[in-house]
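File shown: protein_22.cif. Contents: mmCIF, C-alpha atoms.
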```
data_structure
#
loop_
_atom_site.label_atom_id
_atom_site.label_comp_id
_atom_site.auth_asym_id
_atom_site.auth_seq_id
_atom_site.Cartn_x
_atom_site.Cartn_y
_atom_site.Cartn_z
CA MET M 1 -22.72 18.02 32.09
CA ASN M 2 -22.04 14.55 30.76
CA LYS M 3 -19.79 14.83 27.69
CA TYR M 4 -22.01 12.57 25.61
CA LEU M 5 -25.05 14.66 26.47
CA SER M 6 -23.13 17.76 25.38
CA ALA M 7 -22.18 16.00 22.15
CA LEU M 8 -25.85 15.16 21.55
CA PHE M 9 -26.90 18.77 22.13
CA LEU M 10 -24.22 19.96 19.71
CA PHE M 11 -25.44 17.46 17.12
CA ILE M 12 -29.03 18.68 17.46
CA ILE M 13 -28.01 22.37 17.35
CA PHE M 14 -25.89 22.04 14.22
CA LEU M 15 -28.33 19.66 12.58
CA GLY M 16 -30.86 22.49 12.85
CA ILE M 17 -28.42 25.17 11.70
CA TYR M 18 -27.22 23.20 8.70
CA TYR M 19 -30.70 22.02 7.74
CA PHE M 20 -32.16 25.53 8.00
CA GLY M 21 -29.38 26.96 5.82
CA SER M 22 -29.30 24.07 3.36
CA PHE M 23 -29.63 24.68 -0.38
CA SER M 24 -33.06 25.49 -1.80
CA LYS M 25 -32.02 24.44 -5.32
CA ILE M 26 -29.18 22.20 -6.46
CA PRO M 27 -26.13 24.51 -6.43
CA PHE M 28 -23.42 24.85 -9.05
CA ALA M 29 -20.00 23.07 -8.95
CA ASP M 30 -20.00 19.23 -8.60
CA CYS M 31 -23.36 19.07 -6.82
CA VAL M 32 -25.55 18.09 -9.75
CA GLY M 33 -23.17 15.29 -10.74
CA PHE M 34 -23.49 13.70 -7.29
CA VAL M 35 -27.28 13.99 -7.29
CA LEU M 36 -27.46 12.57 -10.83
CA SER M 37 -25.48 9.49 -9.80
CA ALA M 38 -27.75 8.93 -6.82
CA GLU M 39 -30.93 9.57 -8.83
CA LYS M 40 -29.99 6.89 -11.34
CA GLY M 41 -29.76 4.51 -8.40
CA VAL M 42 -27.04 2.42 -10.00
CA TRP M 43 -24.59 1.21 -7.35
CA GLU M 44 -21.06 2.53 -7.81
CA THR M 45 -18.75 -0.42 -8.45
CA THR M 46 -15.40 1.31 -8.94
CA ALA M 47 -13.32 3.44 -6.61
CA SER M 48 -11.53 6.07 -8.66
CA ALA M 49 -10.43 9.52 -7.53
CA THR M 50 -13.75 11.04 -8.63
CA SER M 51 -16.28 8.24 -8.12
CA HIS M 52 -16.39 8.53 -4.28
CA PHE M 53 -17.56 4.95 -3.90
CA LEU M 54 -18.75 5.00 -0.29
CA TYR M 55 -20.43 8.41 -0.48
CA ILE M 56 -22.52 7.65 -3.57
CA ASN M 57 -23.52 4.20 -2.37
CA THR M 58 -24.48 5.51 1.07
CA VAL M 59 -26.76 8.10 -0.55
CA ILE M 60 -28.36 5.44 -2.75
CA PHE M 61 -28.83 3.20 0.31
CA ILE M 62 -30.58 6.03 2.20
CA LYS M 63 -32.67 6.86 -0.87
CA ASN M 64 -33.86 3.26 -1.25
CA LEU M 65 -34.37 2.67 2.46
CA ALA M 66 -36.35 5.85 3.12
CA GLY M 67 -38.14 5.97 -0.24
CA ILE M 68 -37.09 9.58 -0.87
CA ASN M 69 -35.52 11.27 -3.87
CA ALA M 70 -31.79 11.68 -4.42
CA ILE M 71 -31.83 15.34 -3.41
CA GLU M 72 -33.30 14.73 0.03
CA ALA M 73 -31.20 11.60 0.60
CA SER M 74 -28.08 13.63 -0.21
CA ARG M 75 -29.21 16.49 2.02
CA PHE M 76 -29.79 14.11 4.92
CA LEU M 77 -26.35 12.51 4.62
CA VAL M 78 -24.51 15.82 4.20
CA VAL M 79 -26.30 17.66 7.01
CA SER M 80 -26.22 14.79 9.52
CA SER M 81 -22.55 14.05 8.76
CA GLY M 82 -21.73 17.71 9.28
CA ALA M 83 -23.50 17.86 12.64
CA ALA M 84 -21.93 14.57 13.74
CA THR M 85 -18.44 15.83 12.84
CA VAL M 86 -18.91 18.86 15.08
CA SER M 87 -19.80 16.52 17.95
CA VAL M 88 -16.73 14.37 17.28
CA VAL M 89 -14.54 17.50 17.32
CA TYR M 90 -15.99 18.36 20.74
CA LEU M 91 -15.40 14.84 22.11
CA THR M 92 -11.85 14.82 20.74
CA VAL M 93 -10.91 18.14 22.33
CA LYS M 94 -12.56 17.05 25.59
CA SER M 95 -10.45 13.89 25.56
CA ILE M 96 -7.18 15.80 25.36
CA SER M 97 -8.02 19.03 27.21
CA LYS M 98 -10.45 17.76 29.90
CA THR M 99 -11.97 21.26 29.70
CA GLU M 100 -15.67 21.62 28.90
CA TRP M 101 -15.81 25.28 27.86
CA ALA M 102 -12.74 25.01 25.61
CA SER M 103 -14.13 21.88 23.96
CA LEU M 104 -17.51 23.49 23.30
CA THR M 105 -15.87 26.64 21.97
CA ALA M 106 -13.65 24.66 19.59
CA ALA M 107 -16.71 22.75 18.35
CA PHE M 108 -18.63 25.94 17.63
CA VAL M 109 -15.62 27.57 15.98
CA PHE M 110 -15.21 24.56 13.69
CA GLY M 111 -18.95 24.19 13.06
CA PHE M 112 -19.12 27.85 12.03
CA SER M 113 -15.88 27.79 10.00
CA PHE M 114 -16.73 28.88 6.47
CA SER M 115 -15.37 25.94 4.46
CA PHE M 116 -17.03 23.30 6.61
CA TRP M 117 -20.30 25.17 7.07
CA ARG M 118 -20.57 25.78 3.33
CA ASN M 119 -20.03 22.12 2.54
CA ALA M 120 -22.69 21.16 5.08
CA GLU M 121 -25.16 23.23 3.04
CA ILE M 122 -24.57 21.79 -0.44
CA VAL M 123 -24.51 18.39 -2.15
CA GLU M 124 -20.85 17.47 -1.80
CA VAL M 125 -18.79 14.61 -0.40
CA TYR M 126 -16.75 16.62 2.09
CA THR M 127 -18.78 16.56 5.31
CA TYR M 128 -19.21 12.79 5.05
CA ASN M 129 -15.49 12.52 4.43
CA SER M 130 -14.79 14.83 7.38
CA LEU M 131 -16.78 12.56 9.68
CA TRP M 132 -14.53 9.57 8.96
CA VAL M 133 -11.38 11.69 9.17
CA SER M 134 -12.51 13.19 12.49
CA LEU M 135 -13.09 9.67 13.85
CA PHE M 136 -9.52 8.83 12.83
CA PHE M 137 -8.20 11.83 14.78
CA PHE M 138 -10.48 10.99 17.71
CA SER M 139 -9.10 7.45 17.90
CA VAL M 140 -5.49 8.63 17.63
CA ILE M 141 -5.92 11.03 20.54
CA LYS M 142 -7.84 8.45 22.58
CA THR M 143 -4.91 6.09 22.19
CA PHE M 144 -2.58 8.69 23.69
CA THR M 145 -4.93 9.84 26.48
CA GLU M 146 -6.52 6.57 27.59
CA ASN M 147 -5.14 3.13 28.21
CA LYS M 148 -7.40 1.51 25.61
CA ARG M 149 -5.27 0.02 22.86
CA ILE M 150 -8.30 -0.92 20.77
CA TYR M 151 -8.19 2.67 19.53
CA ILE M 152 -4.97 1.81 17.68
CA VAL M 153 -6.94 -0.59 15.50
CA LEU M 154 -9.89 1.80 15.20
CA SER M 155 -7.56 4.55 13.97
CA SER M 156 -6.43 2.40 11.07
CA MET M 157 -9.96 1.23 10.37
CA PHE M 158 -11.42 4.75 10.21
CA LEU M 159 -8.64 6.05 7.97
CA GLY M 160 -8.97 3.00 5.74
CA ILE M 161 -12.72 3.52 5.40
CA SER M 162 -12.18 7.22 4.64
CA LEU M 163 -10.17 6.26 1.54
CA TRP M 164 -13.35 4.76 0.11
CA VAL M 165 -15.00 8.17 0.51
CA HIS M 166 -12.19 10.38 -0.79
CA ILE M 167 -8.76 9.26 -1.95
CA GLN M 168 -7.23 12.57 -0.78
CA ASN M 169 -6.93 10.92 2.62
CA ILE M 170 -3.83 9.05 1.45
CA LEU M 171 -2.13 12.28 2.56
CA LEU M 172 -2.79 11.14 6.13
CA ILE M 173 -1.02 7.80 5.69
CA PRO M 174 2.34 9.29 6.82
CA ALA M 175 0.63 10.44 10.04
CA LEU M 176 -0.79 6.93 10.56
CA LEU M 177 2.65 5.36 10.06
CA VAL M 178 4.26 7.74 12.57
CA PHE M 179 1.43 6.92 15.00
CA LEU M 180 1.90 3.16 14.60
CA PHE M 181 5.66 3.57 14.98
CA TYR M 182 5.20 5.16 18.39
CA PHE M 183 3.05 2.21 19.48
CA ARG M 184 5.22 -0.46 17.85
CA ASN M 185 5.77 -2.11 21.24
CA GLU M 186 2.05 -2.89 21.33
CA LYS M 187 2.73 -5.52 18.69
CA LYS M 188 -0.64 -7.24 18.82
CA TYR M 189 -2.57 -4.01 18.21
CA ALA M 190 -0.05 -2.30 15.93
CA LEU M 191 0.21 -5.28 13.58
CA THR M 192 -3.57 -5.77 13.59
CA ALA M 193 -4.03 -2.09 12.81
CA LEU M 194 -1.54 -2.26 9.95
CA LEU M 195 -3.26 -5.36 8.59
CA VAL M 196 -6.72 -3.75 8.79
CA PHE M 197 -5.51 -0.63 6.98
CA THR M 198 -3.65 -2.65 4.33
CA ILE M 199 -6.77 -4.72 3.60
CA LEU M 200 -9.02 -1.64 3.33
CA PHE M 201 -6.53 0.27 1.19
CA GLY M 202 -5.55 -2.71 -0.94
CA SER M 203 -9.19 -3.56 -1.61
CA LEU M 204 -9.48 -0.34 -3.61
CA PHE M 205 -6.96 -1.66 -6.11
CA ILE M 206 -8.38 -5.18 -6.13
CA LEU M 207 -11.90 -3.87 -6.84
CA ASN M 208 -10.78 -1.71 -9.75
CA ILE M 209 -8.36 -4.20 -11.28
CA SER M 210 -11.08 -6.89 -11.19
CA GLN M 211 -13.12 -4.64 -13.48
CA GLY M 212 -10.33 -3.95 -15.92
CA LEU M 213 -9.19 -0.59 -14.59
CA PRO M 214 -5.46 0.23 -14.38
CA PHE M 215 -3.53 -0.14 -11.12
CA LYS M 216 -3.32 3.61 -10.55
CA SER M 217 -7.08 4.14 -10.96
CA PRO M 218 -7.88 4.61 -7.23
CA TYR M 219 -5.78 7.79 -7.13
CA SER M 220 -6.15 9.02 -10.70
CA SER M 221 -8.92 10.22 -12.99
CA ASP M 222 -9.55 10.54 -16.70
CA GLN M 223 -11.54 13.72 -16.06
CA GLY M 224 -8.53 15.99 -15.55
CA THR M 225 -4.78 16.29 -14.99
CA TRP M 226 -4.95 18.30 -11.78
CA VAL M 227 -1.95 16.72 -10.04
CA GLU M 228 0.26 17.13 -13.11
CA ASP M 229 -0.89 20.73 -13.54
CA SER M 230 -0.03 21.44 -9.92
CA LEU M 231 3.62 20.79 -10.75
CA LYS M 232 3.66 23.12 -13.75
CA LYS M 233 2.86 26.42 -12.09
CA SER M 234 5.15 29.46 -12.18
CA THR M 235 7.03 30.57 -9.07
CA ILE M 236 4.77 33.60 -8.77
CA GLN M 237 1.68 31.39 -8.84
CA TYR M 238 3.09 29.17 -6.09
CA VAL M 239 3.67 32.26 -3.96
CA LYS M 240 0.13 33.47 -4.64
CA ASP M 241 -1.23 30.05 -3.73
CA PHE M 242 0.68 30.14 -0.45
CA PHE M 243 -0.73 33.52 0.55
CA GLN M 244 -4.21 32.48 -0.58
CA SER M 245 -4.05 29.55 1.83
CA PHE M 246 -3.56 32.06 4.68
CA VAL M 247 -6.62 33.97 3.50
CA TYR M 248 -8.62 30.74 3.74
CA LEU M 249 -7.26 30.14 7.24
CA ILE M 250 -8.16 33.64 8.40
CA TYR M 251 -11.65 33.53 6.93
CA ASN M 252 -12.29 30.17 8.57
CA PHE M 253 -10.89 30.83 12.02
CA ASN M 254 -10.56 34.64 12.42
CA LEU M 255 -9.18 35.68 15.83
CA PHE M 256 -9.17 32.06 17.02
CA ILE M 257 -6.06 31.48 14.86
CA PHE M 258 -4.04 32.79 17.82
CA PHE M 259 -5.33 29.99 20.06
CA GLY M 260 -4.70 27.44 17.32
CA ILE M 261 -1.03 28.44 17.24
CA THR M 262 -0.97 28.39 21.04
CA GLY M 263 -2.36 24.87 20.97
CA VAL M 264 0.36 23.73 18.56
CA LEU M 265 3.10 25.08 20.85
CA LEU M 266 1.43 23.66 23.96
CA LEU M 267 1.12 20.20 22.42
CA TYR M 268 4.79 20.31 21.41
CA LYS M 269 5.71 20.95 25.04
CA THR M 270 3.34 18.46 26.66
CA ASN M 271 3.14 15.52 24.26
CA ARG M 272 5.89 15.45 21.65
CA LYS M 273 4.75 12.16 20.09
CA MET M 274 1.18 13.31 19.54
CA PHE M 275 2.52 16.59 18.19
CA PHE M 276 4.56 14.87 15.48
CA VAL M 277 1.66 12.63 14.42
CA PHE M 278 -0.59 15.62 13.83
CA ALA M 279 2.21 17.82 12.48
CA VAL M 280 2.99 15.28 9.74
CA GLY M 281 -0.69 15.00 8.80
CA ALA M 282 -1.20 18.77 8.85
CA VAL M 283 1.84 19.53 6.69
CA CYS M 284 0.96 16.91 4.08
CA VAL M 285 -2.68 18.05 3.78
CA TYR M 286 -1.94 21.78 3.92
CA GLY M 287 0.90 21.55 1.41
CA PHE M 288 -1.09 19.53 -1.11
CA SER M 289 -4.22 21.66 -0.76
CA THR M 290 -2.28 24.91 -1.15
CA PHE M 291 -0.81 24.04 -4.52
CA TYR M 292 -3.45 21.71 -5.95
CA ALA M 293 -4.46 23.07 -9.35
CA VAL M 294 -8.25 23.23 -9.01
CA SER M 295 -10.44 26.29 -8.67
CA ASP M 296 -12.13 25.08 -5.47
CA ASN M 297 -9.03 23.92 -3.60
CA TYR M 298 -10.41 25.40 -0.35
CA VAL M 299 -12.37 22.18 0.25
CA PHE M 300 -9.19 20.09 0.36
CA PHE M 301 -8.06 21.94 3.49
CA LEU M 302 -10.89 20.45 5.57
CA PRO M 303 -8.83 17.63 7.18
CA PHE M 304 -6.26 20.26 8.13
CA ASN M 305 -9.04 22.51 9.43
CA ILE M 306 -10.18 19.72 11.73
CA ILE M 307 -6.65 19.43 13.12
CA PHE M 308 -6.48 23.20 13.58
CA ALA M 309 -9.85 23.25 15.36
CA LEU M 310 -8.56 20.59 17.76
CA SER M 311 -5.50 22.76 18.33
CA ILE M 312 -7.73 25.77 19.06
CA GLY M 313 -9.52 23.80 21.76
CA TYR M 314 -6.25 22.60 23.28
CA GLY M 315 -4.83 26.13 23.20
CA LEU M 316 -7.90 27.55 24.95
CA SER M 317 -7.60 24.90 27.67
CA SER M 318 -4.25 26.31 28.76
CA GLU M 319 -4.33 27.60 32.35
CA GLN M 320 -3.30 31.09 31.23
CA TYR M 321 -6.60 31.47 29.33
CA VAL M 322 -8.98 30.40 32.11
CA ARG M 323 -10.13 34.00 32.46
CA LEU M 324 -11.34 33.94 28.86
CA LYS M 325 -14.05 31.42 29.73
CA LYS M 326 -16.59 34.19 30.31
CA PHE M 327 -15.90 35.53 26.82
CA SER M 328 -16.22 32.19 25.04
CA TRP M 329 -19.68 33.19 23.78
CA ILE M 330 -17.90 35.40 21.23
CA CYS M 331 -17.61 32.34 18.97
CA LEU M 332 -21.38 32.60 18.46
CA LEU M 333 -20.80 35.88 16.61
CA ILE M 334 -18.79 34.26 13.81
CA PRO M 335 -21.82 34.26 11.45
CA VAL M 336 -22.14 38.01 12.03
CA GLY M 337 -18.55 38.36 10.82
CA TYR M 338 -19.42 36.73 7.50
CA LEU M 339 -22.38 39.05 7.09
CA LEU M 340 -20.30 42.15 7.87
CA PHE M 341 -17.62 41.13 5.38
CA TYR M 342 -20.30 40.56 2.76
CA LYS M 343 -21.88 43.98 3.37
CA VAL M 344 -18.54 45.80 3.33
CA ALA M 345 -17.34 43.98 0.20
CA LEU M 346 -20.49 45.02 -1.67
CA LEU M 347 -19.64 48.65 -0.94
CA THR M 348 -16.32 48.42 -2.81
CA GLU M 349 -15.87 48.64 -6.57
CA LYS M 350 -14.00 45.33 -6.70
CA GLY M 351 -16.74 43.70 -4.67
CA LYS M 352 -19.45 45.02 -6.97
CA GLU M 353 -17.54 43.86 -10.08
CA PHE M 354 -17.04 40.40 -8.62
CA HIS M 355 -20.70 40.20 -7.58
CA THR M 356 -21.82 41.07 -11.11
CA PHE M 357 -19.38 38.66 -12.78
CA LYS M 358 -20.47 35.74 -10.57
CA GLU M 359 -24.14 36.71 -10.42
CA TYR M 360 -25.19 33.68 -12.46
CA LYS M 361 -24.58 31.46 -9.43
CA GLY M 362 -25.39 33.89 -6.67
CA GLY M 363 -22.61 36.45 -6.85
CA LEU M 364 -20.83 37.45 -3.65
CA ASP M 365 -23.53 35.68 -1.61
CA TYR M 366 -22.18 32.37 -2.92
CA TYR M 367 -18.59 33.16 -2.02
CA ALA M 368 -18.87 35.10 1.24
CA LEU M 369 -21.86 33.57 3.06
CA PRO M 370 -21.86 29.88 4.09
CA TRP M 371 -25.61 29.33 4.17
CA MET M 372 -27.24 28.40 0.86
CA ASN M 373 -31.01 28.80 1.28
CA ASN M 374 -32.65 30.79 -1.53
CA ASN M 375 -29.65 30.08 -3.75
CA ALA M 376 -29.38 30.13 -7.54
CA GLY M 377 -29.91 26.66 -9.05
CA ILE M 378 -27.99 24.93 -11.83
CA LEU M 379 -31.11 23.19 -13.19
CA GLU M 380 -33.06 26.42 -13.64
CA PHE M 381 -29.96 28.02 -15.20
CA THR M 382 -29.66 25.13 -17.68
CA ILE M 383 -33.36 24.92 -18.57
CA ASP M 384 -33.49 28.65 -19.31
CA LYS M 385 -30.36 28.29 -21.48
CA LYS M 386 -28.60 31.10 -19.63
CA GLN M 387 -24.99 31.90 -20.41
CA ALA M 388 -22.19 32.26 -17.86
CA PRO M 389 -19.25 34.66 -18.38
CA GLU M 390 -16.86 31.74 -17.80
CA PRO M 391 -16.69 28.07 -18.90
CA ILE M 392 -19.06 25.84 -16.90
CA ASP M 393 -19.73 23.09 -19.45
CA TRP M 394 -18.60 20.44 -16.97
CA MET M 395 -21.55 21.46 -14.77
CA THR M 396 -24.24 21.88 -17.41
CA ILE M 397 -23.47 18.54 -19.08
CA SER M 398 -24.49 16.74 -15.88
CA ALA M 399 -27.43 19.12 -15.45
CA VAL M 400 -28.77 18.33 -18.93
CA GLU M 401 -28.55 14.60 -18.24
CA TYR M 402 -30.23 14.98 -14.85
CA ILE M 403 -33.06 17.00 -16.42
CA LYS M 404 -33.63 14.17 -18.91
CA VAL M 405 -33.77 11.62 -16.08
CA LEU M 406 -36.29 13.74 -14.17
CA LYS M 407 -38.46 14.26 -17.26
CA SER M 408 -38.48 10.50 -17.82
CA LYS M 409 -39.94 10.21 -14.31
CA GLY M 410 -42.77 12.62 -15.10
CA TYR M 411 -41.36 15.93 -13.84
CA THR M 412 -42.32 19.07 -15.77
CA GLU M 413 -39.81 21.82 -16.54
CA GLU M 414 -41.57 24.08 -14.03
CA GLN M 415 -41.14 21.48 -11.30
CA ILE M 416 -37.50 20.89 -12.24
CA ARG M 417 -36.74 24.63 -12.02
CA LYS M 418 -37.61 24.46 -8.32
CA LEU M 419 -35.19 21.61 -7.59
#
```
Exercise: express the given structure as structure tokens:
Amino acid sequence: MNKYLSALFLFIIFLGIYYFGSFSKIPFADCVGFVLSAEKGVWETTASATSHFLYINTVIFIKNLAGINAIEASRFLVVSSGAATVSVVYLTVKSISKTEWASLTAAFVFGFSFSFWRNAEIVEVYTYNSLWVSLFFFSVIKTFTENKRIYIVLSSMFLGISLWVHIQNILLIPALLVFLFYFRNEKKYALTALLVFTILFGSLFILNISQGLPFKSPYSSDQGTWVEDSLKKSTIQYVKDFFQSFVYLIYNFNLFIFFGITGVLLLYKTNRKMFFVFAVGAVCVYGFSTFYAVSDNYVFFLPFNIIFALSIGYGLSSEQYVRLKKFSWICLLIPVGYLLFYKVALLTEKGKEFHTFKEYKGGLDYYALPWMNNNAGILEFTIDKKQAPEPIDWMTISAVEYIKVLKSKGYTEEQIRKL
């Protein structure tokens, strides 16, 4: 089958999966803040660590163009970006492995990985960010596998654009520099690529400084001291964080972790330069995400997860695993694994306690199952003046403001409860 036709089928399949499982009501966490910004319809003019300039403005553009509300515009961008990223993962693995079944399997494994699937079901920035990051990885691999040097420039362009979506992607700059170093003899393309990236990255600072913001504003925020707090943890907490990162990895990739490790070793043997480009990127992202002092640090692993998914596909393409082709359908059972874990966890005392404690936002369903249809909503929670057993003021403040905006547009409380 033509690889682009396969990519299209994957896009359609996951578009349906993600849309069917998408949130019924605006979830908790940062979701309501993103929707509020889009609902106001005021173009974002600064690029700080929390403003997500390109994401918010893309949602507003879709909202205005299609004449739909902020919720549906956000859903469209998140779901379509998620499905497109799965297709890019497939095309990337196909480019390096030349193996159809391994590429399709890697795409399904990534598409069904918990962290990515969950973020394709809620109103967050991470699937849109993953799309740009995946295009960066795609272009890097294309440069190594095909004699088309234009991909050197495209690599820099895609990474530069991704910084306008999420500043976390500065962690991939070392990987870009290693990549450009290996192609330094292609002076025309390497220098153009460096110039393109410098302009895109530097424009962040120029934009903010022109509006009176400090130089460090693109990578800092006045909403929290998360980076500073990450350096103040105890040794025991660092160790716990490290082991927690393995739990995330296992829950995302289950038995396919073995093939991911195989892919890493195989790449080291077959293409040492490509190995070091991705190794540098993976270490920087994984290390930062592991110790970053936020409660939802699992989302920051997504660029690493893309790299690991590519490695899974490359590992599966090894000649020694050809016989596994007939068992590749097992990846379709990954959702069943989430459901089994959920059912088993609810049978334990710890699971029941956790479910009760977090019941205000869906309990164990919210944490163990990636799909979000029939979920608990932050707006209904706020309107009914419910109380959570833990601090969530940072969520309800945005919810209260969003409710006021909706009421000013003629929505009743009963209608808002359903959003």
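With distances taken over all atoms listed in the file, M:Ile152 is the one residue among M:Ile152, M:Tyr338, M:Leu8, M:Ala399 lying closest to Phe183 of chain M.
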Open item on the list: Restricting the calculation to all atoms listed in the file: of M:Phe76, M:Trp394, M:Tyr4, M:Phe304, which residue gets closest to Ala279 of chain M?
Closed with: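 The closest residue to Ala279 of chain M is M:Phe304.
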- [ ] Run through the PyMOL selection byres ((chain M and resi 123) around 12) on the given coordinates and return the selected residues as number ranges by chain.
- [x] M: 22-38, 55-56, 59, 70-79, 81-82, 118-122, 124-128, 372
Open item on the list: Residues within 12 Å of Leu406 of chain M, please, as number ranges by chain. Count only C-alpha atoms; anything in the same chain fewer than 6 positions from it doesn't count.
Closed with: M: 35-36, 39-40, 69-71, 379, 399-400, 412-417, 419
Using C-alpha atoms, can you export the residues from the last selection as a PDB file, in the frame of the given file?
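Final output, saved to selection30.pdb:
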```
ATOM      1  CA  VAL M  35     -27.280  13.990  -7.290  1.00  0.00           C
ATOM      2  CA  LEU M  36     -27.460  12.570 -10.830  1.00  0.00           C
ATOM      3  CA  GLU M  39     -30.930   9.570  -8.830  1.00  0.00           C
ATOM      4  CA  LYS M  40     -29.990   6.890 -11.340  1.00  0.00           C
ATOM      5  CA  ASN M  69     -35.520  11.270  -3.870  1.00  0.00           C
ATOM      6  CA  ALA M  70     -31.790  11.680  -4.420  1.00  0.00           C
ATOM      7  CA  ILE M  71     -31.830  15.340  -3.410  1.00  0.00           C
ATOM      8  CA  LEU M 379     -31.110  23.190 -13.190  1.00  0.00           C
ATOM      9  CA  ALA M 399     -27.430  19.120 -15.450  1.00  0.00           C
ATOM     10  CA  VAL M 400     -28.770  18.330 -18.930  1.00  0.00           C
ATOM     11  CA  THR M 412     -42.320  19.070 -15.770  1.00  0.00           C
ATOM     12  CA  GLU M 413     -39.810  21.820 -16.540  1.00  0.00           C
ATOM     13  CA  GLU M 414     -41.570  24.080 -14.030  1.00  0.00           C
ATOM     14  CA  GLN M 415     -41.140  21.480 -11.300  1.00  0.00           C
ATOM     15  CA  ILE M 416     -37.500  20.890 -12.240  1.00  0.00           C
ATOM     16  CA  ARG M 417     -36.740  24.630 -12.020  1.00  0.00           C
ATOM     17  CA  LEU M 419     -35.190  21.610  -7.590  1.00  0.00           C
TER      18      LEU M 419
END
```
Matched chain/residue IDs from the PyMOL selection byres ((chain M and resi 103) around 9), as an mmCIF file with C-alpha atoms, in the coordinates of the input:
```cif
data_model
loop_
_atom_site.group_PDB
_atom_site.id
_atom_site.type_symbol
_atom_site.label_atom_id
_atom_site.label_comp_id
_atom_site.auth_asym_id
_atom_site.auth_seq_id
_atom_site.Cartn_x
_atom_site.Cartn_y
_atom_site.Cartn_z
ATOM 1 C CA VAL M 89 -14.540 17.500 17.320
ATOM 2 C CA TYR M 90 -15.990 18.360 20.740
ATOM 3 C CA LEU M 91 -15.400 14.840 22.110
ATOM 4 C CA THR M 92 -11.850 14.820 20.740
ATOM 5 C CA VAL M 93 -10.910 18.140 22.330
ATOM 6 C CA LYS M 94 -12.560 17.050 25.590
ATOM 7 C CA SER M 95 -10.450 13.890 25.560
ATOM 8 C CA SER M 97 -8.020 19.030 27.210
ATOM 9 C CA LYS M 98 -10.450 17.760 29.900
ATOM 10 C CA THR M 99 -11.970 21.260 29.700
ATOM 11 C CA GLU M 100 -15.670 21.620 28.900
ATOM 12 C CA TRP M 101 -15.810 25.280 27.860
ATOM 13 C CA ALA M 102 -12.740 25.010 25.610
ATOM 14 C CA LEU M 104 -17.510 23.490 23.300
ATOM 15 C CA THR M 105 -15.870 26.640 21.970
ATOM 16 C CA ALA M 106 -13.650 24.660 19.590
ATOM 17 C CA ALA M 107 -16.710 22.750 18.350
ATOM 18 C CA PHE M 108 -18.630 25.940 17.630
ATOM 19 C CA LEU M 310 -8.560 20.590 17.760
ATOM 20 C CA ILE M 312 -7.730 25.770 19.060
ATOM 21 C CA GLY M 313 -9.520 23.800 21.760
ATOM 22 C CA TYR M 314 -6.250 22.600 23.280
ATOM 23 C CA LEU M 316 -7.900 27.550 24.950
ATOM 24 C CA SER M 317 -7.600 24.900 27.670
#
```
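Take atom CA of Met395 of chain M and atom CA of Tyr360 of chain M: the distance between them is 13.0 Å.
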Task: Residue IDs satisfying the PyMOL selection byres ((chain M and resi 286-298) around 8), as a VMD selection string - done: chain M and resid 115 226 to 227 229 to 230 238 241 to 242 244 to 245 248 282 to 285 299 to 302 304
TODO: Can you work out the spacing between atom CA of Thr382 of chain M and atom CA of Lys404 of chain M in Å, to one decimal?
DONE: 11.7 Å
- [ ] Provide the atom CA of Arg272 of chain M to atom CA of Ile96 of chain M distance in Å, to one decimal place.
- [x] 13.6 Å
Padding 5 Å on every side, please: axis-aligned box over the listed atoms of segment 284-298 of chain M, centre and edge lengths to one decimal in Å, as JSON.
```
{"center_x": -5.6, "center_y": 21.6, "center_z": -2.6, "size_x": 23.1, "size_y": 19.4, "size_z": 23.4}
```
TODO: Excluding segment 85-87 of chain M and residues on its chain fewer than 5 positions from it, collect all residues at most 7 Å away from it, counting only C-alpha atoms, and give them as number ranges by chain.
DONE: M: 7, 10-11, 107, 110-111, 130-131, 134
List as an mmCIF file with C-alpha atoms, in the frame of the given file the protein and nucleic acid residues near Leu154 of chain M, meaning an atom at most 9 Å away when only C-alpha atoms are counted, but skip any in the same chain fewer than 6 places from it.
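Result written to part33.cif:
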```cif
data_model
loop_
_atom_site.group_PDB
_atom_site.id
_atom_site.type_symbol
_atom_site.label_atom_id
_atom_site.label_comp_id
_atom_site.auth_asym_id
_atom_site.auth_seq_id
_atom_site.Cartn_x
_atom_site.Cartn_y
_atom_site.Cartn_z
ATOM 1 C CA LEU M 135 -13.090 9.670 13.850
ATOM 2 C CA PHE M 136 -9.520 8.830 12.830
ATOM 3 C CA SER M 139 -9.100 7.450 17.900
ATOM 4 C CA VAL M 140 -5.490 8.630 17.630
ATOM 5 C CA ALA M 193 -4.030 -2.090 12.810
#
```
- [ ] Tell me which protein, DNA and RNA residues are within 12 Å of Ser155 of chain M, counting all atoms listed in the file, leaving out same-chain ones fewer than 4 positions away, and put them as a ChimeraX atom specification.
- [x] /M:132-144,149-151,159-162,172-173,175-177,179-180,189-190,192-194,196-197
Task: Residue nearest Asn64 of chain M among M:Val42, M:Val336, M:Ala47, M:Ala368 (counting only C-alpha atoms) - done: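 Using only C-alpha atoms, the shortest distance to Asn64 of chain M belongs to M:Val42.
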For Ser48 of chain M, find every residue with an atom within 8 Å (counting only C-alpha atoms), except residues of its own chain fewer than 2 positions away, and show them as a short mmCIF file (atom, residue, chain, number, x, y, z; two decimals) with C-alpha atoms, in the coordinates of the input.
```
data_model
loop_
_atom_site.label_atom_id
_atom_site.label_comp_id
_atom_site.auth_asym_id
_atom_site.auth_seq_id
_atom_site.Cartn_x
_atom_site.Cartn_y
_atom_site.Cartn_z
CA THR M 46 -15.40 1.31 -8.94
CA THR M 50 -13.75 11.04 -8.63
CA SER M 51 -16.28 8.24 -8.12
CA HIS M 52 -16.39 8.53 -4.28
CA PHE M 53 -17.56 4.95 -3.90
CA ILE M 167 -8.76 9.26 -1.95
CA ASN M 208 -10.78 -1.71 -9.75
CA SER M 217 -7.08 4.14 -10.96
CA PRO M 218 -7.88 4.61 -7.23
CA TYR M 219 -5.78 7.79 -7.13
CA SER M 220 -6.15 9.02 -10.70
CA SER M 221 -8.92 10.22 -12.99
#
```
